[in-house]
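Contents: one structure, followed by commentary.
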Amino acid sequence: MQTPIIDVRDLVKRFGPIEAVRGVTFSVAAGEIFGFLGPNGAGKTTTIKVLATLLRPTSGRASLAGYDVVARPGDVRRSMGIVFQDPSLDNRLTAEQNLRFHAMLYGVPSREIEPRVAEVLAMVELSERRRALVATYSGGMKRRLEIARGLLHKPRVLFLDEPTLGLDLQTRNRIWEYVVDLRRREGVTVFMTTHYIEESEHCDRIAIIDGGRIVALDTPDALRRHVGGDVITITSPDPPSLAREIAARFGGVARATDGHVVVELERGTEFVPRVAAAFPQLVTAVAVKQPTLDDVFLKLTGHAIRDESASATDQLRTMARAWGGRR
Amino acid sequence: MLSAGTRPLPPAVPVRWRHEVRAAYAIWLRELIRFVSERARIAGALGQPLIYLAIMGTGFGATFRSAAVPRGFSYLEFMYPGVLGMTVLFTAMFSAISIIWDREFGFLKEILVAPVARGSIVAGKVAGGATVATLQGVMLLILAPFVGVHLGLTQVAGIALIMLLAAASLTSLGLVIASRMQTMEGFQVVMNFLVLPLWLLSGAFFPLRGLPLWMTALTRIDPLTYAVDALRGMVYAGSPLAAALVVHPFRLNVAIILVFLAVTFTAAIVTFRSRED
């Protein structure tokens, strides 16, 4: 692997007596989509703020694009873009004006500003609304505009702090399409935080963070394997014989139920074609269910990711956002 | 393979003053764009002084007799430079206070995370507030003939210069306060205990002569006093009112405003830097 674009060693951040980040170590490769998954208050945003030079680490060190976040904050800031958890647009300016302002703050050369503004607006499909005041935008449009803005100065790393919080499912999916697409087109490294389990599936690797510590770090698939096997449900005209045949041929446990055979094993997707080829007469349909990252989180931390307090904070934030949008 | 690994690193330039100037310019430009696009704000800022001139000018004008004001001159003429000072004070303060809104609505984060020195942010903000306040003040000069004041080009230029310096220092003062305030509730407190005394003690509405000693002392430490005095000097240039009403020499007034500007601007940078996020 080449030099990591983000490198964090033994990072600690304390706020008075509270230790928000308790010694985390990880690195992110260039071009990766890397996710921080954890409940509210786990230390995700604090870690991002240290990486973005908005907070000074209590101890440990962190670097971005080869620059130390304490020694070279200016270089770090020029190398990154960030989309905050809460909106940070000027509602009384147009989309274009917001973007031009950003370009000047980030030192984009004058002659490159207009083409670049047009490019990122086209990417998030807001070209037609570029002269409209941001105050007239919907929540999803604002979020897309913020992502466009984060990319305007061609950062090497884009931070997305809860990028889809408070958005409806369709908009969330759309935003993920942009993120995956822009990684492909711009080659940017994406570092995101979320407490939506299903969203972390889009990441190449996920760090599960809880109580200021990383409890696991791997690909979503590997994390799921960590929990146990897949559950394969086979519809069969003769479940008892199929169960016997599978046990004899592949080993493992196969249970015959009413019309189905249920098999639990490590790599379900590899098993499916083999069982279908081996017993074509006995297999009508096959379904594979993988363990979810919910199961992973529960197993690793001993509690579910979304508890009551988290959803209450969520509601407040959504309300705050709705209120802010009416400005 | 992705192109991220092959993209050259952004250049690390040790002295980036050109970038800093451009960033400050962007912040200034934003203030101006917002000012121009908010017609209601312009109308309000013109309407308020008009109301003061019309009501207070007429009301007090009927009974106002001061030994300081020579016969044959109206209270309206006396009050006019004070209203100019008032407009600059309120507009500059309002402009500085807008960073509380920026914080509340998140936009301040966008500015604070940018690769821009805090000093440049303050400079841009102060320049923006000063420009907007001066524009508001200059717009009021249209009213001069209606209150019986006739201004030449030199006077207009001098008035604009004083407004610009006074507005810059008042915006800086406003920034020092606003960067420590979290909510708009605190704004009322500032209005009542800072802006109103600054305004009322500046001599905008009554001559600063023959006052009790304690009040004279207070008017002397009010920086706006010197701005209003300097404005009087410019507005009444060539009229007997100047000799009767202007307290300090023009140069002294400008020097004091400049010292006030240096102090408040430095304080604004220091307070802005001391905030971690």
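We name chains A, B, ... following the order of the structure tokens; residues begin at 1 in each chain, and ligands are numbered from 1 as shown.
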For chain A against chain B, with a cut-off of 6 Å and counting only C-alpha atoms, what is the closest atom pair and its distance in Å to one decimal for every residue that makes the cut, ordered by chain and number, as a tab-separated table?
residue	atom	partner	partner_atom	distance
A:Gly31	CA	B:Ala4	CA	6.0
A:Leu54	CA	B:Asp277	CA	5.8
A:Gly74	CA	B:Pro115	CA	5.2
A:Arg77	CA	B:Pro115	CA	5.3
A:Arg78	CA	B:Pro115	CA	5.9
A:Pro87	CA	B:Gly106	CA	5.9
A:Ser88	CA	B:Gly106	CA	4.2
A:Leu89	CA	B:Phe107	CA	5.4
A:Asp90	CA	B:Phe107	CA	5.9
A:Phe101	CA	B:Ala26	CA	5.8
A:Met104	CA	B:Ala23	CA	5.7
A:Leu105	CA	B:Ala23	CA	4.8
A:Gly187	CA	B:Ala4	CA	4.7
A:Val188	CA	B:Ala4	CA	6.0
Selection export as a tab-separated table (two decimals), in the first residue's frame, atoms kept: C-alpha atoms:
chain	number	residue	atom	x	y	z
A	31	GLY	CA	-9.15	6.79	-3.08
A	54	LEU	CA	-10.78	22.58	14.04
A	74	GLY	CA	-3.05	25.57	6.44
A	77	ARG	CA	-7.14	22.70	5.13
A	78	ARG	CA	-6.21	23.26	1.50
A	87	PRO	CA	-26.04	23.07	6.91
A	88	SER	CA	-23.39	25.74	6.48
A	89	LEU	CA	-24.58	27.60	3.40
A	90	ASP	CA	-25.47	31.27	3.17
A	101	PHE	CA	-17.16	32.64	-2.18
A	104	MET	CA	-11.91	32.54	-3.27
A	105	LEU	CA	-11.46	31.37	0.30
A	187	GLY	CA	-10.37	10.08	-7.32
A	188	VAL	CA	-11.07	11.75	-4.03
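Excluding Val179 of chain A itself and any same-chain residue fewer than 4 positions from it, the protein and nucleic acid residues within 9 Å of it, counting only C-alpha atoms, are Ile33, Ile147, Arg174, Ile175, Arg183, Arg184 and Val190 of chain A.
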Keeping only N, CA and C atoms, write the selected residues to a file as an mmCIF file, in the first residue's frame.
data_model
loop_
_atom_site.group_PDB
_atom_site.id
_atom_site.type_symbol
_atom_site.label_atom_id
_atom_site.label_comp_id
_atom_site.auth_asym_id
_atom_site.auth_seq_id
_atom_site.Cartn_x
_atom_site.Cartn_y
_atom_site.Cartn_z
ATOM 1 N N ILE A 33 -13.228 4.825 0.223
ATOM 2 C CA ILE A 33 -14.390 5.372 0.928
ATOM 3 C C ILE A 33 -14.356 4.730 2.310
ATOM 4 N N ILE A 147 -22.079 19.274 -0.931
ATOM 5 C CA ILE A 147 -21.112 18.287 -1.429
ATOM 6 C C ILE A 147 -20.346 18.883 -2.613
ATOM 7 N N ARG A 174 -29.738 8.863 -3.506
ATOM 8 C CA ARG A 174 -29.207 9.721 -4.562
ATOM 9 C C ARG A 174 -27.843 10.281 -4.144
ATOM 10 N N ILE A 175 -27.744 10.694 -2.906
ATOM 11 C CA ILE A 175 -26.492 11.257 -2.413
ATOM 12 C C ILE A 175 -25.402 10.200 -2.416
ATOM 13 N N ARG A 183 -16.026 9.609 -6.339
ATOM 14 C CA ARG A 183 -14.789 8.901 -6.034
ATOM 15 C C ARG A 183 -14.200 8.368 -7.343
ATOM 16 N N ARG A 184 -15.088 7.863 -8.190
ATOM 17 C CA ARG A 184 -14.640 7.329 -9.472
ATOM 18 C C ARG A 184 -14.100 8.450 -10.364
ATOM 19 N N VAL A 190 -12.899 9.564 0.397
ATOM 20 C CA VAL A 190 -14.083 10.005 1.137
ATOM 21 C C VAL A 190 -14.027 9.424 2.548
#
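Taking only C-alpha atoms into account, Arg180 of chain B lies nearest to B:Ile100 out of the set B:Ile100, B:Leu164, B:Ile142, B:Leu200.
Here the residues within segment 67-162 of chain A that DSSP labels strand (DSSP E) on the basis of the backbone are Tyr67, Asp68, Met80, Gly81, Ile82, Val83, Val157, Leu158, Phe159, Leu160 and Asp161 of chain A.
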Using only C-alpha atoms, which protein or nucleic acid residues come within 12 Å of segment 135-139 of chain B? Drop anything in the same chain fewer than 5 positions from it, and give the result as a compact mmCIF listing (two decimals) with N, CA and C atoms, in the first residue's frame.
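result.txt, written as the output of this step:
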# COMPACT_ATOMS: atom_id res chain seq x y z
N LEU B 32 -21.37 43.05 0.82
CA LEU B 32 -21.92 43.99 -0.13
C LEU B 32 -23.07 43.40 -0.94
N PHE B 35 -26.03 43.25 1.19
CA PHE B 35 -26.57 44.60 1.41
C PHE B 35 -27.40 45.05 0.22
N VAL B 36 -26.85 44.87 -0.98
CA VAL B 36 -27.53 45.32 -2.18
C VAL B 36 -28.81 44.51 -2.43
N ARG B 41 -33.72 46.17 3.92
CA ARG B 41 -32.76 46.66 4.90
C ARG B 41 -32.34 48.09 4.55
N ILE B 42 -32.15 48.34 3.26
CA ILE B 42 -31.77 49.68 2.84
C ILE B 42 -32.89 50.67 3.15
N ALA B 43 -34.12 50.25 2.81
CA ALA B 43 -35.27 51.13 3.06
C ALA B 43 -35.39 51.42 4.55
N GLY B 44 -35.23 50.37 5.37
CA GLY B 44 -35.33 50.54 6.82
C GLY B 44 -34.26 51.47 7.34
N ALA B 45 -33.06 51.31 6.82
CA ALA B 45 -31.95 52.11 7.30
C ALA B 45 -32.08 53.57 6.88
N LEU B 46 -32.82 53.80 5.80
CA LEU B 46 -33.07 55.18 5.39
C LEU B 46 -34.27 55.75 6.12
N GLY B 47 -35.23 54.87 6.37
CA GLY B 47 -36.47 55.30 7.00
C GLY B 47 -36.26 55.75 8.43
N GLN B 48 -35.44 55.00 9.17
CA GLN B 48 -35.24 55.31 10.60
C GLN B 48 -34.69 56.73 10.81
N PRO B 49 -33.61 57.11 10.13
CA PRO B 49 -33.13 58.49 10.30
C PRO B 49 -34.15 59.53 9.85
N LEU B 50 -34.92 59.17 8.82
CA LEU B 50 -35.95 60.11 8.36
C LEU B 50 -36.96 60.38 9.45
N TYR B 80 -28.74 67.09 12.23
CA TYR B 80 -28.43 66.32 11.00
C TYR B 80 -27.10 65.55 11.07
N PRO B 81 -25.97 66.18 11.46
CA PRO B 81 -24.73 65.40 11.56
C PRO B 81 -24.84 64.28 12.60
N GLY B 82 -25.61 64.53 13.65
CA GLY B 82 -25.83 63.50 14.68
C GLY B 82 -26.56 62.30 14.11
N VAL B 83 -27.53 62.57 13.23
CA VAL B 83 -28.27 61.46 12.60
C VAL B 83 -27.34 60.67 11.67
N LEU B 84 -26.44 61.39 11.01
CA LEU B 84 -25.44 60.68 10.17
C LEU B 84 -24.61 59.74 11.04
N GLY B 85 -24.16 60.24 12.19
CA GLY B 85 -23.36 59.43 13.11
C GLY B 85 -24.15 58.25 13.63
N MET B 86 -25.42 58.50 13.95
CA MET B 86 -26.29 57.44 14.45
C MET B 86 -26.43 56.32 13.42
N THR B 87 -26.65 56.72 12.16
CA THR B 87 -26.81 55.72 11.10
C THR B 87 -25.56 54.86 10.97
N VAL B 88 -24.40 55.51 11.02
CA VAL B 88 -23.15 54.76 10.90
C VAL B 88 -23.00 53.80 12.09
N LEU B 89 -23.31 54.29 13.28
CA LEU B 89 -23.20 53.45 14.48
C LEU B 89 -24.09 52.22 14.38
N PHE B 90 -25.36 52.43 14.07
CA PHE B 90 -26.30 51.30 14.03
C PHE B 90 -25.96 50.33 12.91
N THR B 91 -25.63 50.84 11.72
CA THR B 91 -25.35 49.95 10.60
C THR B 91 -24.09 49.14 10.86
N ALA B 92 -23.07 49.78 11.39
CA ALA B 92 -21.81 49.07 11.67
C ALA B 92 -22.02 48.00 12.72
N SER B 95 -23.99 45.12 11.32
CA SER B 95 -23.16 44.32 10.42
C SER B 95 -22.26 43.36 11.21
N GLY B 128 -16.19 45.15 5.19
CA GLY B 128 -17.58 45.02 4.74
C GLY B 128 -18.51 45.90 5.54
N GLY B 129 -18.40 45.80 6.88
CA GLY B 129 -19.26 46.61 7.74
C GLY B 129 -19.04 48.09 7.52
N ALA B 130 -17.78 48.48 7.36
CA ALA B 130 -17.45 49.89 7.17
C ALA B 130 -18.02 50.40 5.84
N ALA B 144 -29.57 66.44 2.67
CA ALA B 144 -28.95 67.67 3.16
C ALA B 144 -29.71 68.95 2.77
N LEU B 151 -23.76 71.09 0.76
CA LEU B 151 -22.46 70.43 0.81
C LEU B 151 -21.73 70.51 -0.52
N GLN B 155 -16.50 68.50 1.03
CA GLN B 155 -17.19 68.15 2.27
C GLN B 155 -17.70 66.71 2.22
N VAL B 156 -18.34 66.36 1.07
CA VAL B 156 -18.87 65.00 0.92
C VAL B 156 -17.75 63.98 1.08
N ALA B 157 -16.59 64.26 0.46
CA ALA B 157 -15.46 63.33 0.56
C ALA B 157 -14.99 63.22 2.00
N GLY B 158 -14.90 64.37 2.69
CA GLY B 158 -14.47 64.36 4.08
C GLY B 158 -15.44 63.60 4.97
N ILE B 159 -16.74 63.83 4.73
CA ILE B 159 -17.77 63.13 5.52
C ILE B 159 -17.65 61.62 5.31
N ALA B 160 -17.50 61.21 4.04
CA ALA B 160 -17.39 59.78 3.73
C ALA B 160 -16.17 59.17 4.42
N LEU B 161 -15.07 59.93 4.45
CA LEU B 161 -13.85 59.41 5.07
C LEU B 161 -14.04 59.21 6.57
N ILE B 162 -14.66 60.19 7.22
CA ILE B 162 -14.90 60.06 8.66
C ILE B 162 -15.84 58.88 8.94
N MET B 163 -16.88 58.79 8.13
CA MET B 163 -17.82 57.68 8.29
C MET B 163 -17.12 56.34 8.15
N LEU B 164 -16.24 56.25 7.15
CA LEU B 164 -15.53 54.99 6.88
C LEU B 164 -14.67 54.59 8.08
N ALA B 166 -14.88 55.73 11.26
CA ALA B 166 -15.71 55.49 12.44
C ALA B 166 -16.42 54.14 12.32
N ALA B 167 -16.96 53.85 11.13
CA ALA B 167 -17.67 52.59 10.93
C ALA B 167 -16.73 51.40 11.09
N LEU B 231 -17.87 65.12 11.99
CA LEU B 231 -18.93 65.26 10.97
C LEU B 231 -19.51 66.67 11.01
Once DSSP has gone over the backbone, tell me which residues of segment 145-260 of chain B are in helix (DSSP H, G or I), as a compact mmCIF listing (two decimals) with N, CA and C atoms, in the first residue's frame.
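Contents of result.txt, freshly written:
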# COMPACT_ATOMS: atom_id res chain seq x y z
N PRO B 145 -30.08 69.12 1.48
CA PRO B 145 -30.78 70.37 1.11
C PRO B 145 -32.08 70.57 1.88
N PHE B 146 -32.76 69.47 2.23
CA PHE B 146 -34.05 69.58 2.91
C PHE B 146 -33.91 70.06 4.35
N VAL B 147 -32.73 69.85 4.94
CA VAL B 147 -32.54 70.34 6.31
C VAL B 147 -31.76 71.66 6.29
N LEU B 153 -18.23 69.19 -2.84
CA LEU B 153 -17.64 67.87 -3.08
C LEU B 153 -16.59 67.51 -2.03
N THR B 154 -15.78 68.50 -1.62
CA THR B 154 -14.74 68.24 -0.61
C THR B 154 -15.40 67.81 0.71
N GLN B 155 -16.50 68.50 1.03
CA GLN B 155 -17.19 68.15 2.27
C GLN B 155 -17.70 66.71 2.22
N VAL B 156 -18.34 66.36 1.07
CA VAL B 156 -18.87 65.00 0.92
C VAL B 156 -17.75 63.98 1.08
N ALA B 157 -16.59 64.26 0.46
CA ALA B 157 -15.46 63.33 0.56
C ALA B 157 -14.99 63.22 2.00
N GLY B 158 -14.90 64.37 2.69
CA GLY B 158 -14.47 64.36 4.08
C GLY B 158 -15.44 63.60 4.97
N ILE B 159 -16.74 63.83 4.73
CA ILE B 159 -17.77 63.13 5.52
C ILE B 159 -17.65 61.62 5.31
N ALA B 160 -17.50 61.21 4.04
CA ALA B 160 -17.39 59.78 3.73
C ALA B 160 -16.17 59.17 4.42
N LEU B 161 -15.07 59.93 4.45
CA LEU B 161 -13.85 59.41 5.07
C LEU B 161 -14.04 59.21 6.57
N ILE B 162 -14.66 60.19 7.22
CA ILE B 162 -14.90 60.06 8.66
C ILE B 162 -15.84 58.88 8.94
N MET B 163 -16.88 58.79 8.13
CA MET B 163 -17.82 57.68 8.29
C MET B 163 -17.12 56.34 8.15
N LEU B 164 -16.24 56.25 7.15
CA LEU B 164 -15.53 54.99 6.88
C LEU B 164 -14.67 54.59 8.08
N LEU B 165 -13.91 55.55 8.62
CA LEU B 165 -13.04 55.26 9.76
C LEU B 165 -13.85 54.92 11.00
N ALA B 166 -14.88 55.73 11.26
CA ALA B 166 -15.71 55.49 12.44
C ALA B 166 -16.42 54.14 12.32
N ALA B 167 -16.96 53.85 11.13
CA ALA B 167 -17.67 52.59 10.93
C ALA B 167 -16.73 51.40 11.09
N ALA B 168 -15.50 51.53 10.59
CA ALA B 168 -14.53 50.43 10.72
C ALA B 168 -14.26 50.15 12.19
N SER B 169 -14.08 51.21 12.99
CA SER B 169 -13.78 50.98 14.41
C SER B 169 -15.00 50.44 15.15
N LEU B 170 -16.21 50.91 14.76
CA LEU B 170 -17.41 50.42 15.44
C LEU B 170 -17.72 48.98 15.05
N THR B 171 -17.45 48.62 13.78
CA THR B 171 -17.63 47.23 13.38
C THR B 171 -16.65 46.34 14.15
N SER B 172 -15.41 46.81 14.31
CA SER B 172 -14.42 46.05 15.08
C SER B 172 -14.91 45.84 16.50
N LEU B 173 -15.41 46.92 17.11
CA LEU B 173 -15.94 46.82 18.47
C LEU B 173 -17.08 45.81 18.53
N GLY B 174 -17.96 45.90 17.54
CA GLY B 174 -19.08 44.96 17.46
C GLY B 174 -18.60 43.52 17.33
N LEU B 175 -17.53 43.30 16.57
CA LEU B 175 -16.99 41.95 16.39
C LEU B 175 -16.42 41.40 17.69
N VAL B 176 -15.76 42.27 18.46
CA VAL B 176 -15.21 41.83 19.75
C VAL B 176 -16.34 41.29 20.61
N ILE B 177 -17.46 42.00 20.63
CA ILE B 177 -18.60 41.58 21.44
C ILE B 177 -19.27 40.36 20.83
N ALA B 178 -19.53 40.42 19.53
CA ALA B 178 -20.28 39.35 18.87
C ALA B 178 -19.54 38.03 18.89
N GLU B 185 -30.08 36.73 22.01
CA GLU B 185 -30.62 37.34 23.24
C GLU B 185 -29.63 38.36 23.78
N GLY B 186 -28.36 38.02 23.72
CA GLY B 186 -27.34 38.92 24.24
C GLY B 186 -27.29 40.24 23.48
N PHE B 187 -27.80 40.21 22.27
CA PHE B 187 -27.77 41.40 21.43
C PHE B 187 -28.56 42.56 22.05
N GLN B 188 -29.69 42.24 22.66
CA GLN B 188 -30.51 43.27 23.31
C GLN B 188 -29.73 43.95 24.43
N VAL B 189 -29.00 43.12 25.19
CA VAL B 189 -28.21 43.65 26.30
C VAL B 189 -27.16 44.62 25.75
N VAL B 190 -26.52 44.22 24.67
CA VAL B 190 -25.50 45.08 24.07
C VAL B 190 -26.12 46.38 23.58
N MET B 191 -27.29 46.25 22.95
CA MET B 191 -27.97 47.43 22.45
C MET B 191 -28.23 48.41 23.59
N ASN B 192 -28.76 47.89 24.71
CA ASN B 192 -29.16 48.76 25.81
C ASN B 192 -27.99 49.35 26.57
N PHE B 193 -26.95 48.54 26.77
CA PHE B 193 -25.89 49.00 27.66
C PHE B 193 -24.64 49.49 26.93
N LEU B 194 -24.60 49.34 25.63
CA LEU B 194 -23.44 49.85 24.91
C LEU B 194 -23.84 50.82 23.79
N VAL B 195 -24.68 50.34 22.89
CA VAL B 195 -24.98 51.15 21.70
C VAL B 195 -25.76 52.41 22.07
N LEU B 196 -26.79 52.26 22.92
CA LEU B 196 -27.57 53.44 23.29
C LEU B 196 -26.73 54.49 24.02
N PRO B 197 -25.95 54.13 25.06
CA PRO B 197 -25.09 55.15 25.68
C PRO B 197 -24.10 55.77 24.70
N LEU B 198 -23.50 54.94 23.84
CA LEU B 198 -22.56 55.47 22.84
C LEU B 198 -23.25 56.56 22.01
N TRP B 199 -24.46 56.25 21.66
CA TRP B 199 -25.22 57.11 20.77
C TRP B 199 -25.64 58.40 21.50
N LEU B 200 -26.26 58.21 22.69
CA LEU B 200 -26.82 59.37 23.40
C LEU B 200 -25.75 60.31 23.93
N LEU B 213 -20.15 68.04 35.01
CA LEU B 213 -18.80 67.51 34.81
C LEU B 213 -18.79 66.00 34.53
N TRP B 214 -19.60 65.24 35.32
CA TRP B 214 -19.61 63.77 35.14
C TRP B 214 -20.03 63.40 33.73
N MET B 215 -20.98 64.16 33.19
CA MET B 215 -21.46 63.84 31.86
C MET B 215 -20.45 64.25 30.80
N THR B 216 -19.81 65.36 31.02
CA THR B 216 -18.75 65.77 30.09
C THR B 216 -17.67 64.70 30.04
N ALA B 217 -17.34 64.15 31.22
CA ALA B 217 -16.32 63.10 31.28
C ALA B 217 -16.75 61.90 30.43
N LEU B 218 -18.03 61.52 30.57
CA LEU B 218 -18.53 60.37 29.81
C LEU B 218 -18.52 60.65 28.30
N THR B 219 -18.90 61.88 27.93
CA THR B 219 -18.92 62.18 26.50
C THR B 219 -17.50 62.14 25.93
N ARG B 220 -16.53 62.50 26.79
CA ARG B 220 -15.14 62.51 26.31
C ARG B 220 -14.59 61.11 26.05
N ILE B 221 -15.10 60.09 26.82
CA ILE B 221 -14.59 58.73 26.56
C ILE B 221 -15.44 58.00 25.52
N PRO B 223 -16.14 57.23 22.00
CA PRO B 223 -15.43 57.47 20.73
C PRO B 223 -16.32 58.09 19.66
N LEU B 224 -17.63 57.81 19.75
CA LEU B 224 -18.53 58.35 18.74
C LEU B 224 -18.61 59.88 18.81
N THR B 225 -18.32 60.44 20.00
CA THR B 225 -18.30 61.89 20.17
C THR B 225 -17.40 62.54 19.13
N TYR B 226 -16.24 61.95 18.95
CA TYR B 226 -15.24 62.53 18.05
C TYR B 226 -15.66 62.40 16.59
N ALA B 227 -16.38 61.28 16.29
CA ALA B 227 -16.88 61.11 14.93
C ALA B 227 -17.97 62.13 14.64
N VAL B 228 -18.89 62.30 15.60
CA VAL B 228 -19.97 63.27 15.40
C VAL B 228 -19.38 64.69 15.30
N ASP B 229 -18.41 64.96 16.16
CA ASP B 229 -17.77 66.28 16.14
C ASP B 229 -17.09 66.55 14.80
N ALA B 230 -16.40 65.54 14.31
CA ALA B 230 -15.73 65.68 13.01
C ALA B 230 -16.75 65.86 11.89
N LEU B 231 -17.87 65.12 11.99
CA LEU B 231 -18.93 65.26 10.97
C LEU B 231 -19.51 66.67 11.01
N ARG B 232 -19.71 67.19 12.23
CA ARG B 232 -20.20 68.58 12.36
C ARG B 232 -19.24 69.54 11.65
N GLY B 233 -17.96 69.33 11.92
CA GLY B 233 -16.95 70.20 11.31
C GLY B 233 -17.07 70.22 9.79
N MET B 234 -17.33 69.04 9.21
CA MET B 234 -17.44 68.94 7.75
C MET B 234 -18.76 69.51 7.25
N VAL B 235 -19.85 69.13 7.93
CA VAL B 235 -21.18 69.55 7.47
C VAL B 235 -21.32 71.08 7.55
N PRO B 240 -21.23 79.81 10.37
CA PRO B 240 -20.95 80.23 11.75
C PRO B 240 -21.21 79.11 12.76
N LEU B 241 -22.02 78.12 12.36
CA LEU B 241 -22.31 76.98 13.24
C LEU B 241 -21.04 76.23 13.63
N ALA B 242 -20.09 76.15 12.69
CA ALA B 242 -18.86 75.41 12.94
C ALA B 242 -18.14 75.96 14.15
N ALA B 243 -17.97 77.27 14.18
CA ALA B 243 -17.25 77.90 15.29
C ALA B 243 -18.02 77.71 16.59
N ALA B 244 -19.35 77.74 16.50
CA ALA B 244 -20.17 77.67 17.70
C ALA B 244 -20.27 76.27 18.27
N LEU B 245 -20.28 75.25 17.39
CA LEU B 245 -20.65 73.89 17.85
C LEU B 245 -19.51 72.87 17.84
N PHE B 250 -10.37 69.28 13.84
CA PHE B 250 -10.63 68.15 12.95
C PHE B 250 -9.55 67.07 13.06
N ARG B 251 -8.28 67.51 13.05
CA ARG B 251 -7.18 66.54 13.10
C ARG B 251 -7.18 65.73 14.38
N LEU B 252 -7.51 66.38 15.48
CA LEU B 252 -7.57 65.65 16.74
C LEU B 252 -8.66 64.58 16.69
N ASN B 253 -9.82 64.98 16.18
CA ASN B 253 -10.92 64.03 16.04
C ASN B 253 -10.49 62.81 15.22
N VAL B 254 -9.90 63.09 14.06
CA VAL B 254 -9.48 61.98 13.18
C VAL B 254 -8.42 61.12 13.88
N ALA B 255 -7.49 61.76 14.59
CA ALA B 255 -6.44 61.01 15.28
C ALA B 255 -7.04 60.09 16.34
N ILE B 256 -8.02 60.61 17.09
CA ILE B 256 -8.64 59.79 18.13
C ILE B 256 -9.42 58.62 17.52
N ILE B 257 -10.13 58.90 16.41
CA ILE B 257 -10.85 57.81 15.74
C ILE B 257 -9.86 56.74 15.26
N LEU B 258 -8.72 57.19 14.74
CA LEU B 258 -7.71 56.23 14.25
C LEU B 258 -7.16 55.38 15.39
N VAL B 259 -6.90 56.00 16.55
CA VAL B 259 -6.41 55.24 17.70
C VAL B 259 -7.47 54.23 18.13
N PHE B 260 -8.72 54.68 18.19
CA PHE B 260 -9.83 53.79 18.56
C PHE B 260 -9.91 52.62 17.58
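Of note, atom CA of Gly43 of chain A and atom CA of Gly212 of chain A are spaced 4.9 Å apart.
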So which residues touch segment 281-293 of chain A within 9 Å, counting only C-alpha atoms, skipping near sequence neighbours fewer than 5 positions away, as JSON, numbers by chain? {"A": [197, 198, 200, 201, 220, 223, 224, 225, 227, 228, 229, 230, 231, 232, 233, 234, 235, 236, 237, 238, 239, 241, 242, 268, 269, 272, 275, 276, 298]}
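Taking atom CA of Ala237 of chain B and atom CA of Phe78 of chain B as endpoints, the distance between them is 13.0 Å.
Here atom CA of His202 of chain A stands at a distance of 11.8 Å from atom CA of Arg172 of chain A.
If only C-alpha atoms are the atoms counted, then among A:Trp176, A:Phe191, A:Tyr67, A:Tyr106 the closest residue to Lys44 of chain A is A:Phe191.
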